>>> print(open('structure25.cif').read())   # mmCIF, C-alpha atoms
data_structure
loop_
_atom_site.label_atom_id
_atom_site.label_comp_id
_atom_site.auth_asym_id
_atom_site.auth_seq_id
_atom_site.Cartn_x
_atom_site.Cartn_y
_atom_site.Cartn_z
CA MET A 1 0.00 0.00 0.00
CA ASP A 2 1.51 3.36 -0.99
CA GLU A 3 1.95 6.27 1.39
CA GLU A 4 -1.00 8.26 0.00
CA ALA A 5 -3.42 5.35 0.42
CA GLN A 6 -2.12 4.78 3.94
CA ARG A 7 -2.73 8.40 4.85
CA GLU A 8 -6.26 8.31 3.46
CA ARG A 9 -6.98 5.34 5.75
CA GLU A 10 -5.65 7.06 8.87
CA PRO A 11 -8.50 7.78 11.30
CA GLY A 12 -7.88 11.50 11.76
CA ALA A 13 -9.52 12.87 8.59
CA PRO A 14 -12.45 10.42 8.36
CA GLY A 15 -13.26 10.87 12.02
CA PHE A 16 -13.07 14.63 11.80
CA ALA A 17 -15.20 14.65 8.60
CA ALA A 18 -17.87 12.66 10.40
CA SER A 19 -17.80 15.11 13.29
CA LEU A 20 -18.45 18.00 10.87
CA LEU A 21 -21.62 16.45 9.43
CA PRO A 22 -23.92 18.00 12.10
CA ARG A 23 -22.47 21.42 11.23
CA VAL A 24 -23.32 21.20 7.52
CA PRO A 25 -26.15 23.82 7.71
CA GLU A 26 -23.73 26.25 9.40
CA ILE A 27 -21.01 25.67 6.79
CA ALA A 28 -23.53 25.96 3.95
CA ALA A 29 -24.92 29.27 5.28
CA ALA A 30 -21.40 30.70 5.54
CA THR A 31 -20.59 29.45 2.02
CA VAL A 32 -23.71 31.07 0.53
CA ALA A 33 -22.90 34.33 2.31
CA ARG A 34 -19.45 34.29 0.72
CA LEU A 35 -20.90 33.47 -2.68
CA THR A 36 -23.34 36.36 -2.68
CA THR A 37 -20.60 38.73 -1.55
CA ALA A 38 -17.95 37.57 -4.01
CA ILE A 39 -20.08 36.80 -7.09
CA PRO A 40 -22.56 39.45 -8.35
CA ALA A 41 -24.42 36.86 -10.48
CA TYR A 42 -25.83 35.23 -7.36
CA ARG A 43 -27.20 38.51 -6.04
CA LEU A 44 -29.37 38.71 -9.17
CA LEU A 45 -31.07 35.38 -8.52
CA PRO A 46 -34.65 35.41 -7.15
CA ASP A 47 -35.07 34.70 -3.44
CA SER A 48 -36.65 31.33 -4.19
CA ILE A 49 -33.34 30.16 -5.67
CA LEU A 50 -30.96 32.14 -3.48
CA GLY A 51 -32.54 31.19 -0.17
CA GLY A 52 -33.86 27.80 -1.23
CA ASP A 53 -32.17 25.86 -4.01
CA LEU A 54 -28.71 27.40 -3.53
CA VAL A 55 -28.62 26.68 0.20
CA ALA A 56 -30.09 23.21 -0.27
CA ASN A 57 -27.60 22.31 -3.01
CA THR A 58 -24.67 23.64 -0.97
CA GLU A 59 -25.75 21.60 2.03
CA ALA A 60 -26.18 18.48 -0.13
CA VAL A 61 -22.73 18.84 -1.68
CA LEU A 62 -21.04 19.45 1.67
CA ARG A 63 -22.84 16.50 3.24
CA LEU A 64 -21.82 14.28 0.33
CA PHE A 65 -18.21 15.41 0.59
CA LEU A 66 -17.97 14.83 4.34
CA THR A 67 -19.75 11.49 4.06
CA THR A 68 -17.44 10.17 1.37
CA VAL A 69 -14.33 11.32 3.28
CA ALA A 70 -15.64 9.77 6.49
CA GLU A 71 -16.34 6.51 4.65
CA GLY A 72 -13.09 6.62 2.68
CA ARG A 73 -14.65 6.26 -0.78
CA PRO A 74 -15.34 8.32 -3.90
CA PRO A 75 -18.88 9.61 -4.54
CA ALA A 76 -21.15 7.25 -6.48
CA GLU A 77 -22.74 8.28 -9.78
CA HIS A 78 -26.25 8.39 -8.30
CA GLU A 79 -25.01 10.61 -5.46
CA LEU A 80 -23.65 13.14 -7.96
CA ALA A 81 -26.91 13.33 -9.94
CA ALA A 82 -28.47 16.06 -7.80
CA PRO A 83 -25.55 18.56 -7.79
CA ILE A 84 -24.99 17.91 -11.49
CA ALA A 85 -28.66 18.64 -12.25
CA TRP A 86 -28.53 21.76 -10.08
CA GLY A 87 -25.53 23.09 -12.00
CA ALA A 88 -27.26 22.45 -15.33
CA GLU A 89 -30.40 24.28 -14.18
CA ARG A 90 -28.37 27.40 -13.47
CA ALA A 91 -27.69 27.68 -17.21
CA ARG A 92 -31.40 28.39 -17.66
CA ASP A 93 -31.19 31.06 -14.95
CA GLY A 94 -28.39 32.79 -16.85
CA VAL A 95 -25.78 32.17 -14.13
CA PRO A 96 -22.30 32.04 -15.74
CA LEU A 97 -20.47 28.71 -15.59
CA GLU A 98 -17.63 30.31 -13.63
CA ALA A 99 -20.11 31.36 -10.93
CA VAL A 100 -21.65 27.88 -10.80
CA LEU A 101 -18.28 26.18 -10.35
CA ARG A 102 -17.06 28.59 -7.69
CA VAL A 103 -19.62 27.13 -5.27
CA TYR A 104 -17.31 24.16 -4.82
CA PRO A 105 -13.93 25.73 -3.99
CA ILE A 106 -15.61 28.31 -1.74
CA GLY A 107 -17.51 25.58 0.10
CA ALA A 108 -14.32 23.54 0.37
CA ARG A 109 -12.45 26.51 1.78
CA GLN A 110 -15.18 27.09 4.34
CA ALA A 111 -15.03 23.46 5.45
CA TRP A 112 -11.24 23.57 5.61
CA GLU A 113 -11.21 26.72 7.74
CA LEU A 114 -13.68 25.17 10.15
CA ALA A 115 -11.64 21.99 10.28
CA MET A 116 -8.41 23.80 11.12
CA ALA A 117 -9.77 26.54 13.40
CA GLY A 118 -11.84 24.39 15.74
CA PRO A 119 -10.86 23.46 19.30
CA GLU A 120 -9.83 20.03 18.00
CA PRO A 121 -8.34 20.52 14.52
CA ALA A 122 -8.09 17.59 12.15
CA ALA A 123 -5.39 15.15 13.17
CA ASP A 124 -4.27 14.65 9.57
CA PRO A 125 -4.74 17.80 7.42
CA TYR A 126 -3.00 16.09 4.48
CA ALA A 127 -5.62 13.35 4.33
CA LEU A 128 -8.42 15.91 4.53
CA VAL A 129 -6.93 17.97 1.68
CA THR A 130 -6.39 14.83 -0.40
CA GLY A 131 -10.03 13.83 0.06
CA LEU A 132 -11.15 17.36 -0.69
CA LEU A 133 -9.21 17.57 -3.95
CA ALA A 134 -10.35 14.13 -5.04
CA PHE A 135 -13.97 15.11 -4.42
CA LEU A 136 -13.66 18.37 -6.37
CA GLY A 137 -11.98 16.47 -9.19
CA GLU A 138 -15.00 14.18 -9.39
CA VAL A 139 -17.74 16.79 -9.10
CA MET A 140 -16.58 19.91 -10.95
CA PRO A 141 -15.87 18.39 -14.41
CA LYS A 142 -19.25 16.60 -14.39
CA VAL A 143 -21.09 19.78 -13.39
CA ALA A 144 -19.29 21.76 -16.10
CA GLU A 145 -20.12 19.13 -18.72
CA ALA A 146 -23.82 19.12 -17.75
CA TYR A 147 -23.93 22.93 -17.71
CA LEU A 148 -22.38 23.22 -21.17
CA ARG A 149 -24.72 20.58 -22.54
CA GLU A 150 -27.70 22.47 -21.13
CA GLN A 151 -26.33 25.74 -22.50
CA ALA A 152 -25.98 24.20 -25.95
CA ASP A 153 -29.59 23.01 -25.75
CA LEU A 154 -30.68 26.49 -24.71
CA ASP A 155 -28.77 28.08 -27.57
CA TRP A 156 -30.36 25.64 -29.99
CA GLU A 157 -33.84 26.35 -28.59
CA GLN A 158 -33.35 30.11 -28.77
CA ARG A 159 -31.99 29.82 -32.30
CA GLU A 160 -34.93 27.68 -33.38
CA HIS A 161 -37.40 30.06 -31.76
CA GLY A 162 -35.78 32.98 -33.56
CA ARG A 163 -35.73 31.09 -36.85
CA ASN A 164 -39.40 30.12 -36.52
CA LEU A 165 -40.48 33.66 -35.63
CA ALA A 166 -38.40 35.09 -38.48
CA GLY A 167 -40.03 32.66 -40.89
CA VAL A 168 -43.53 33.60 -39.72
CA LEU A 169 -42.84 37.33 -40.03
CA LEU A 170 -41.11 37.01 -43.40
CA ALA A 171 -44.12 35.08 -44.68
CA GLY A 172 -46.37 37.98 -43.66
CA ARG A 173 -48.24 36.02 -40.99
CA PRO A 174 -49.13 37.20 -37.45
CA ALA A 175 -46.42 36.17 -35.01
CA ARG A 176 -47.36 37.63 -31.63
CA ARG A 177 -49.03 34.47 -30.33
CA ALA A 178 -46.01 32.37 -31.29
CA ALA A 179 -43.70 34.91 -29.64
CA GLU A 180 -45.69 34.66 -26.39
CA ARG A 181 -45.44 30.88 -26.53
CA TYR A 182 -41.65 31.16 -26.83
CA GLY A 183 -41.42 33.83 -24.15
CA ARG A 184 -40.14 36.37 -26.66
CA THR A 185 -41.11 40.01 -27.17
CA LEU A 186 -41.39 41.32 -30.72
CA ALA A 187 -40.30 44.81 -31.72
CA GLU A 188 -42.73 47.06 -33.56
CA ARG A 189 -40.23 48.04 -36.25
CA TYR A 190 -37.43 45.99 -37.82
CA ASP A 191 -34.55 46.45 -40.17
CA VAL A 192 -34.76 43.51 -42.55
CA VAL A 193 -31.18 42.57 -43.40
CA VAL A 194 -30.33 40.14 -46.19
CA LEU A 195 -26.85 38.87 -45.42
CA ARG A 196 -24.24 37.13 -47.56
CA LEU A 197 -21.43 35.40 -45.70
CA PRO A 198 -17.95 36.02 -47.09
CA GLU A 199 -16.46 33.39 -49.36
CA ALA A 200 -13.84 31.26 -47.71
CA PRO A 201 -11.91 28.14 -48.70
CA GLY A 202 -12.90 24.68 -47.50
CA SER A 203 -13.94 24.24 -43.88
CA ALA A 204 -13.49 27.96 -43.16
CA THR A 205 -17.08 28.52 -44.33
CA THR A 206 -18.34 26.32 -41.50
CA ARG A 207 -16.19 28.22 -39.02
CA ILE A 208 -17.54 31.54 -40.25
CA LEU A 209 -21.15 30.36 -39.98
CA ARG A 210 -20.55 29.11 -36.44
CA ALA A 211 -18.87 32.36 -35.44
CA VAL A 212 -21.73 34.44 -36.87
CA ARG A 213 -24.36 32.28 -35.17
CA SER A 214 -22.45 32.46 -31.89
CA GLU A 215 -22.46 36.27 -32.09
CA LEU A 216 -26.19 36.26 -32.89
CA ASP A 217 -26.79 34.01 -29.88
CA ARG A 218 -25.55 36.93 -27.78
CA ASN A 219 -28.22 39.12 -29.39
CA PRO A 220 -31.43 37.12 -28.77
CA GLU A 221 -33.62 40.08 -29.75
CA VAL A 222 -32.38 39.66 -33.34
CA LEU A 223 -34.42 37.06 -35.24
CA ALA A 224 -32.41 35.14 -37.82
CA THR A 225 -32.82 32.43 -40.40
CA PHE A 226 -29.96 31.00 -42.47
CA LYS A 227 -29.76 28.94 -45.61
CA GLY A 228 -26.60 28.09 -47.48
CA ASP A 229 -24.15 30.99 -47.54
CA GLY A 230 -26.67 33.63 -46.52
CA GLY A 231 -29.45 34.55 -44.19
CA VAL A 232 -32.06 37.09 -43.22
CA LEU A 233 -31.86 39.04 -39.97
CA LEU A 234 -34.67 40.99 -38.34
CA VAL A 235 -32.95 43.68 -36.27
CA PRO A 236 -35.19 45.63 -33.86
CA LEU A 237 -35.07 49.36 -34.47
CA GLY A 238 -34.68 51.55 -31.45
CA GLN A 239 -31.21 53.00 -31.46
CA ASP A 240 -29.58 54.76 -34.39
CA GLY A 241 -26.99 52.63 -36.09
CA ALA A 242 -28.09 49.36 -34.43
CA THR A 243 -27.90 47.42 -37.69
CA ARG A 244 -24.49 48.76 -38.66
CA ARG A 245 -23.09 48.01 -35.20
CA LEU A 246 -24.45 44.47 -35.30
CA LEU A 247 -22.91 43.83 -38.72
CA GLY A 248 -19.61 45.21 -37.42
CA ARG A 249 -19.67 42.61 -34.66
CA LEU A 250 -20.53 39.88 -37.17
CA ASP A 251 -17.60 40.97 -39.34
CA ALA A 252 -15.32 40.78 -36.31
CA ALA A 253 -16.62 37.32 -35.43
CA ALA A 254 -16.22 36.05 -38.99
CA GLU A 255 -12.82 37.78 -39.33
CA LEU A 256 -13.99 38.82 -42.80
CA ARG A 257 -16.44 41.43 -44.05
CA CYS A 258 -19.93 40.28 -44.92
CA THR A 259 -22.04 41.86 -47.65
CA ALA A 260 -25.55 42.86 -46.66
CA ALA A 261 -28.47 45.02 -47.67
CA ALA A 262 -31.14 46.41 -45.37
CA ALA A 263 -34.61 47.87 -45.69
CA THR A 264 -36.79 49.18 -42.88
CA ALA A 265 -40.20 47.70 -42.10
CA GLU A 266 -42.31 50.21 -40.15
CA ASP A 267 -44.66 47.44 -39.02
CA HIS A 268 -44.87 43.66 -39.26
CA ALA A 269 -46.99 43.76 -42.40
CA GLU A 270 -44.15 45.52 -44.29
CA ILE A 271 -41.52 42.89 -43.48
CA PRO A 272 -42.02 40.78 -46.67
CA VAL A 273 -41.82 43.90 -48.84
CA ALA A 274 -38.69 45.06 -47.01
CA GLN A 275 -37.10 41.66 -47.54
CA ALA A 276 -37.79 41.81 -51.28
CA GLU A 277 -36.23 45.29 -51.48
CA ALA A 278 -33.16 44.29 -49.48
CA SER A 279 -32.71 41.16 -51.62
CA GLU A 280 -32.74 43.26 -54.81
CA VAL A 281 -30.29 45.78 -53.38
CA LEU A 282 -27.92 43.01 -52.28
CA ALA A 283 -28.06 41.35 -55.69
CA LEU A 284 -27.39 44.69 -57.36
CA ALA A 285 -24.41 45.45 -55.11
CA GLU A 286 -22.92 42.05 -55.91
CA ASP A 287 -23.59 42.40 -59.63
CA LEU A 288 -21.92 45.80 -59.65
CA GLY A 289 -18.88 44.35 -57.89
CA ARG A 290 -19.24 46.70 -54.93
CA PRO A 291 -16.98 46.04 -51.95
CA SER A 292 -18.31 44.15 -48.93
CA GLY A 293 -20.41 46.22 -46.56
CA LEU A 294 -23.96 47.30 -45.75
CA TYR A 295 -26.08 48.83 -48.48
CA ARG A 296 -29.49 50.46 -48.58
CA LEU A 297 -31.60 51.49 -51.53
CA ALA A 298 -30.45 55.09 -51.16
CA ASP A 299 -26.83 53.98 -51.65
CA LEU A 300 -27.61 52.48 -55.06
CA ALA A 301 -30.69 54.46 -56.05
CA VAL A 302 -29.42 55.49 -59.48
CA GLU A 303 -28.15 52.01 -60.31
CA TYR A 304 -31.35 50.47 -58.97
CA GLN A 305 -33.43 52.60 -61.29
CA LEU A 306 -31.17 51.93 -64.26
CA VAL A 307 -31.56 48.17 -64.01
CA ARG A 308 -35.37 48.25 -64.04
CA PRO A 309 -36.51 46.59 -67.29
CA GLY A 310 -37.92 49.04 -69.83
CA PRO A 311 -37.17 51.15 -72.88
CA ALA A 312 -34.84 53.55 -71.06
CA ARG A 313 -32.60 50.74 -69.83
CA ASP A 314 -32.56 49.13 -73.26
CA ALA A 315 -31.68 52.42 -74.93
CA LEU A 316 -28.78 52.93 -72.56
CA ALA A 317 -27.59 49.36 -73.03
CA ARG A 318 -27.55 49.82 -76.80
CA THR A 319 -24.94 52.56 -76.35
CA LEU A 320 -22.37 49.81 -75.82
CA GLU A 321 -23.55 47.46 -78.58
CA PRO A 322 -20.63 48.58 -80.81
CA LEU A 323 -18.26 47.14 -78.17
CA ASP A 324 -19.79 43.66 -78.33
CA GLY A 325 -17.14 41.20 -79.39
CA GLN A 326 -14.36 43.45 -78.06
CA PRO A 327 -14.15 42.50 -74.38
CA HIS A 328 -10.86 44.35 -73.93
CA LEU A 329 -12.66 47.63 -74.65
CA LEU A 330 -15.49 46.84 -72.24
CA ALA A 331 -12.91 45.88 -69.60
CA THR A 332 -11.09 49.16 -70.25
CA LEU A 333 -14.25 51.20 -69.81
CA ARG A 334 -15.15 49.27 -66.63
CA GLU A 335 -11.75 49.80 -65.03
CA PHE A 336 -11.58 53.45 -66.10
CA ILE A 337 -14.91 54.12 -64.40
CA ALA A 338 -13.96 52.07 -61.30
CA ALA A 339 -10.72 54.09 -61.04
CA GLY A 340 -12.66 57.33 -60.88
CA TYR A 341 -11.65 58.24 -64.45
CA ARG A 342 -7.97 58.41 -63.43
CA ARG A 343 -5.76 57.13 -66.22
CA THR A 344 -2.79 55.94 -64.17
CA GLU A 345 -4.90 53.89 -61.73
CA ALA A 346 -6.93 52.38 -64.60
CA ALA A 347 -3.80 51.49 -66.58
CA ASP A 348 -2.29 49.83 -63.49
CA ALA A 349 -5.49 47.82 -62.89
CA LEU A 350 -5.45 46.67 -66.50
CA THR A 351 -1.67 46.10 -66.41
CA VAL A 352 -1.23 48.07 -69.64
CA HIS A 353 0.82 51.12 -70.56
CA ARG A 354 -0.89 54.47 -70.14
CA ASN A 355 -0.59 55.07 -73.90
CA THR A 356 -2.43 51.78 -74.51
CA LEU A 357 -5.23 52.98 -72.23
CA THR A 358 -5.44 56.27 -74.12
CA TYR A 359 -5.63 54.41 -77.44
CA ARG A 360 -8.44 52.18 -76.14
CA LEU A 361 -10.42 55.15 -74.83
CA GLY A 362 -10.11 56.68 -78.28
CA ARG A 363 -11.52 53.50 -79.82
CA ILE A 364 -14.45 53.60 -77.38
CA ARG A 365 -15.13 57.20 -78.38
CA LEU A 366 -14.98 56.33 -82.07
CA LEU A 367 -17.32 53.32 -81.79
CA THR A 368 -19.89 54.69 -79.33
CA GLY A 369 -19.75 58.42 -80.04
CA ARG A 370 -19.17 59.02 -76.34
CA ASP A 371 -15.94 60.33 -74.79
CA ALA A 372 -15.20 58.69 -71.42
CA THR A 373 -12.97 61.65 -70.50
CA ASP A 374 -15.79 64.16 -70.96
CA PRO A 375 -17.87 64.61 -67.75
CA ALA A 376 -21.29 64.44 -69.46
CA ASP A 377 -20.34 61.52 -71.70
CA ALA A 378 -18.63 59.77 -68.79
CA ARG A 379 -21.88 59.80 -66.76
CA HIS A 380 -23.76 58.44 -69.78
CA LEU A 381 -21.23 55.67 -70.33
CA ALA A 382 -21.29 54.67 -66.64
CA ALA A 383 -25.09 54.43 -66.77
CA ALA A 384 -24.88 52.53 -70.04
CA LEU A 385 -22.47 50.00 -68.51
CA THR A 386 -24.86 49.36 -65.59
CA ALA A 387 -27.78 48.95 -68.01
CA HIS A 388 -25.66 46.77 -70.31
CA ASP A 389 -24.77 44.38 -67.46
CA ALA A 390 -28.39 44.23 -66.27
CA ALA A 391 -29.68 43.57 -69.77
CA ARG A 392 -27.16 40.76 -70.29
CA ARG A 393 -28.34 39.11 -67.06
CA SER A 394 -32.04 39.31 -67.98
CA GLY A 395 -31.82 38.73 -71.72
CA PRO A 396 -31.30 40.77 -74.91
CA PRO A 397 -32.75 44.27 -75.15
CA THR A 398 -36.26 44.68 -76.49
CA GLY A 399 -36.86 46.31 -79.88
CA ARG A 400 -36.22 50.00 -80.41
CA ARG A 401 -38.84 52.46 -79.41
#
>>> encode(input="structure25.cif", output="structure tokens")
Amino acid sequence: MDEEAQREREPGAPGFAASLLPRVPEIAAATVARLTTAIPAYRLLPDSILGGDLVANTEAVLRLFLTTVAEGRPPAEHELAAPIAWGAERARDGVPLEAVLRVYPIGARQAWELAMAGPEPAADPYALVTGLLAFLGEVMPKVAEAYLREQADLDWEQREHGRNLAGVLLAGRPARRAAERYGRTLAERYDVVVLRLPEAPGSATTRILRAVRSELDRNPEVLATFKGDGGVLLVPLGQDGATRRLLGRLDAAAELRCTAAAATAEDHAEIPVAQAEASEVLALAEDLGRPSGLYRLADLAVEYQLVRPGPARDALARTLEPLDGQPHLLATLREFIAAGYRRTEAADALTVHRNTLTYRLGRIRLLTGRDATDPADARHLAAALTAHDAARRSGPPTGRR
């Protein structure tokens, strides 16, 4: 038998543990007093938990510890069921895991101080400490595991509730009764945000989705539904810039910038219309090759109007018909516009000499009758390029009018 086992069998610690059993209520009361002083989370609990469940659980854990030390054995699985269940329930009360686990070392310290400060201190402090550490090693990991499992279930429930409510609202159906059933409160006004997650190689997409969902879990007032590489968020309106701040946090969580478009719904009935508008704005921003970020209709109002099917769009698109079959000229016009009509930047983007760029601009002027270096013609050509791209996506232009 090794020295440690011999010490655990010495009568001092077991006998002293047994003598402390009648004092369990006293130790538990002192432990709870320390908890509420040291950990703010416990002061927020209702009296029914603070004065009832917390005290009862602390007493049960202390009694189990002293009993197992007195009997020289580890706690049995069925004996750990109650403290494990208590720890898991605290997840539903919103008590942080750190606060749940601190019950055990604080209770152990209280028992130790009593053991060593009494008129007859423990004969073998080493054996008492060994039993104490062994007990904590059994209990704390199991409580943490149960808490995290319960927290994961809660997150899943909240996510499902949010997804279901978002689906009901996006479908234009009344959602207040469902919200009451889930214990949720709906806002009167929402920003409807259509979100596109950033492209990433391989398994990084899964990581990004998890990071975004984890951030949204910290914002339960935001209703969200995801499918594939995108989703729709319903962000309650109350504070200026709430949507932009939320997307900033999502970008930070994803470690990449998302692309999104938003439209405001002044009441629940407008949510489907707002979603349709935001979806169109997002598609337009992506088609135009705009950088990642948040867009609203006002940001792309001119382009939005230009891509509406009709005779005006078709007439603009026909401006560039002479460039069909000459993709290098279309690419030159596109880069020249994207560079803010600055020749050096456009030439660098195209990786051509500045003289080559000038020659190509001259060809564009000759074929279209519009000079990209002239302010009025430049605006016309930019509008024509937007109309041209939209027309190519939706089909050939209609006949001349």
>>> resolve_selection(input="structure25.cif", expression="the PyMOL selection byres ((chain A and resi 347-358) around 12)", output="VMD selection string")
chain A and resid 328 to 339 341 to 346 359 to 365 371 to 373
>>> residues_around(input="structure25.cif", residues="Ala76 (chain A)", least_positions_apart="3", cutoff="12 Å", atoms="only C-alpha atoms", output="MDAnalysis selection string")
chainID A and resid 64:65 67:68 73 79:82 135 138:139
>>> closest_residue(input="structure25.cif", among="A:Leu136, A:Leu234, A:Val192, A:Ile27", to="Leu114 (chain A)", atoms="all atoms listed in the file")
A:Ile27
>>> atom_distance(input="structure25.cif", atom1="CA of Leu385 (chain A)", atom2="CA of Pro311 (chain A)")
15.4 Å
>>> atom_distance(input="structure25.cif", atom1="CA of Ala17 (chain A)", atom2="CA of Ala29 (chain A)")
17.9 Å
>>> resolve_selection(input="structure25.cif", expression="the PyMOL selection byres ((chain A and resi 289-300) around 9)", output="ChimeraX atom specification")
/A:193,195,198,243-244,247,257-263,277-278,280-282,284-288,301-305
>>> resolve_selection(input="structure25.cif", expression="the PyMOL selection byres ((chain A and resi 89) around 12)", output="PDB file with C-alpha atoms, keeping the file's coordinate frame")
ATOM      1  CA  ILE A  49     -33.340  30.160  -5.670  1.00  0.00           C
ATOM      2  CA  ASP A  53     -32.170  25.860  -4.010  1.00  0.00           C
ATOM      3  CA  LEU A  54     -28.710  27.400  -3.530  1.00  0.00           C
ATOM      4  CA  ASN A  57     -27.600  22.310  -3.010  1.00  0.00           C
ATOM      5  CA  ALA A  82     -28.470  16.060  -7.800  1.00  0.00           C
ATOM      6  CA  PRO A  83     -25.550  18.560  -7.790  1.00  0.00           C
ATOM      7  CA  ILE A  84     -24.990  17.910 -11.490  1.00  0.00           C
ATOM      8  CA  ALA A  85     -28.660  18.640 -12.250  1.00  0.00           C
ATOM      9  CA  TRP A  86     -28.530  21.760 -10.080  1.00  0.00           C
ATOM     10  CA  GLY A  87     -25.530  23.090 -12.000  1.00  0.00           C
ATOM     11  CA  ALA A  88     -27.260  22.450 -15.330  1.00  0.00           C
ATOM     12  CA  ARG A  90     -28.370  27.400 -13.470  1.00  0.00           C
ATOM     13  CA  ALA A  91     -27.690  27.680 -17.210  1.00  0.00           C
ATOM     14  CA  ARG A  92     -31.400  28.390 -17.660  1.00  0.00           C
ATOM     15  CA  ASP A  93     -31.190  31.060 -14.950  1.00  0.00           C
ATOM     16  CA  GLY A  94     -28.390  32.790 -16.850  1.00  0.00           C
ATOM     17  CA  VAL A  95     -25.780  32.170 -14.130  1.00  0.00           C
ATOM     18  CA  PRO A  96     -22.300  32.040 -15.740  1.00  0.00           C
ATOM     19  CA  LEU A  97     -20.470  28.710 -15.590  1.00  0.00           C
ATOM     20  CA  VAL A 100     -21.650  27.880 -10.800  1.00  0.00           C
ATOM     21  CA  VAL A 143     -21.090  19.780 -13.390  1.00  0.00           C
ATOM     22  CA  ALA A 144     -19.290  21.760 -16.100  1.00  0.00           C
ATOM     23  CA  ALA A 146     -23.820  19.120 -17.750  1.00  0.00           C
ATOM     24  CA  TYR A 147     -23.930  22.930 -17.710  1.00  0.00           C
ATOM     25  CA  LEU A 148     -22.380  23.220 -21.170  1.00  0.00           C
ATOM     26  CA  ARG A 149     -24.720  20.580 -22.540  1.00  0.00           C
ATOM     27  CA  GLU A 150     -27.700  22.470 -21.130  1.00  0.00           C
ATOM     28  CA  GLN A 151     -26.330  25.740 -22.500  1.00  0.00           C
ATOM     29  CA  ASP A 153     -29.590  23.010 -25.750  1.00  0.00           C
ATOM     30  CA  LEU A 154     -30.680  26.490 -24.710  1.00  0.00           C
TER      31      LEU A 154
END
>>> atom_distance(input="structure25.cif", atom1="CA of Trp112 (chain A)", atom2="CA of Pro141 (chain A)")
21.2 Å
>>> residues_around(input="structure25.cif", residues="Ala242 (chain A)", least_positions_apart="4", cutoff="12 Å", atoms="only C-alpha atoms", output="list in words")
Tyr190, Asp191, Val193, Asn219, Glu221, Val222, Leu234, Val235, Pro236, Leu237, Gly238, Leu246, Leu247, Gly248, Arg249 and Ala262 of chain A
>>> closest_residue(input="structure25.cif", among="A:Arg176, A:Arg196, A:Arg159, A:Arg379", to="Ser214 (chain A)", atoms="only C-alpha atoms")
A:Arg159
>>> residues_around(input="structure25.cif", residues="Leu133 (chain A)", least_positions_apart="5", cutoff="12 Å", atoms="all atoms listed in the file", output="list in words")
Phe65, Val69, Pro74, Tyr104, Pro105, Ala108, Arg109, Trp112, Tyr126, Ala127, Leu128, Glu138, Val139 and Met140 of chain A
>>> residues_around(input="structure25.cif", residues="Glu59 (chain A)", least_positions_apart="3", cutoff="7 Å", atoms="all atoms listed in the file", output="PyMOL selection string")
chain A and resi 24-25+28+55-56+62-63
>>> closest_residue(input="structure25.cif", among="A:Val129, A:Ala390, A:Leu323, A:Ala384", to="Pro309 (chain A)", atoms="all atoms listed in the file")
A:Ala390
>>> closest_residue(input="structure25.cif", among="A:Val232, A:Leu320, A:Ala30, A:Ala134", to="Ala111 (chain A)", atoms="only C-alpha atoms")
A:Ala30
>>> axis_aligned_box(input="structure25.cif", around="region 368-384 of chain A", padding_each_side="5 Å", output="lines of an AutoDock Vina configuration file")
center_x = -19.0
center_y = 58.6
center_z = -73.3
size_x = 22.1
size_y = 22.1
size_z = 23.4
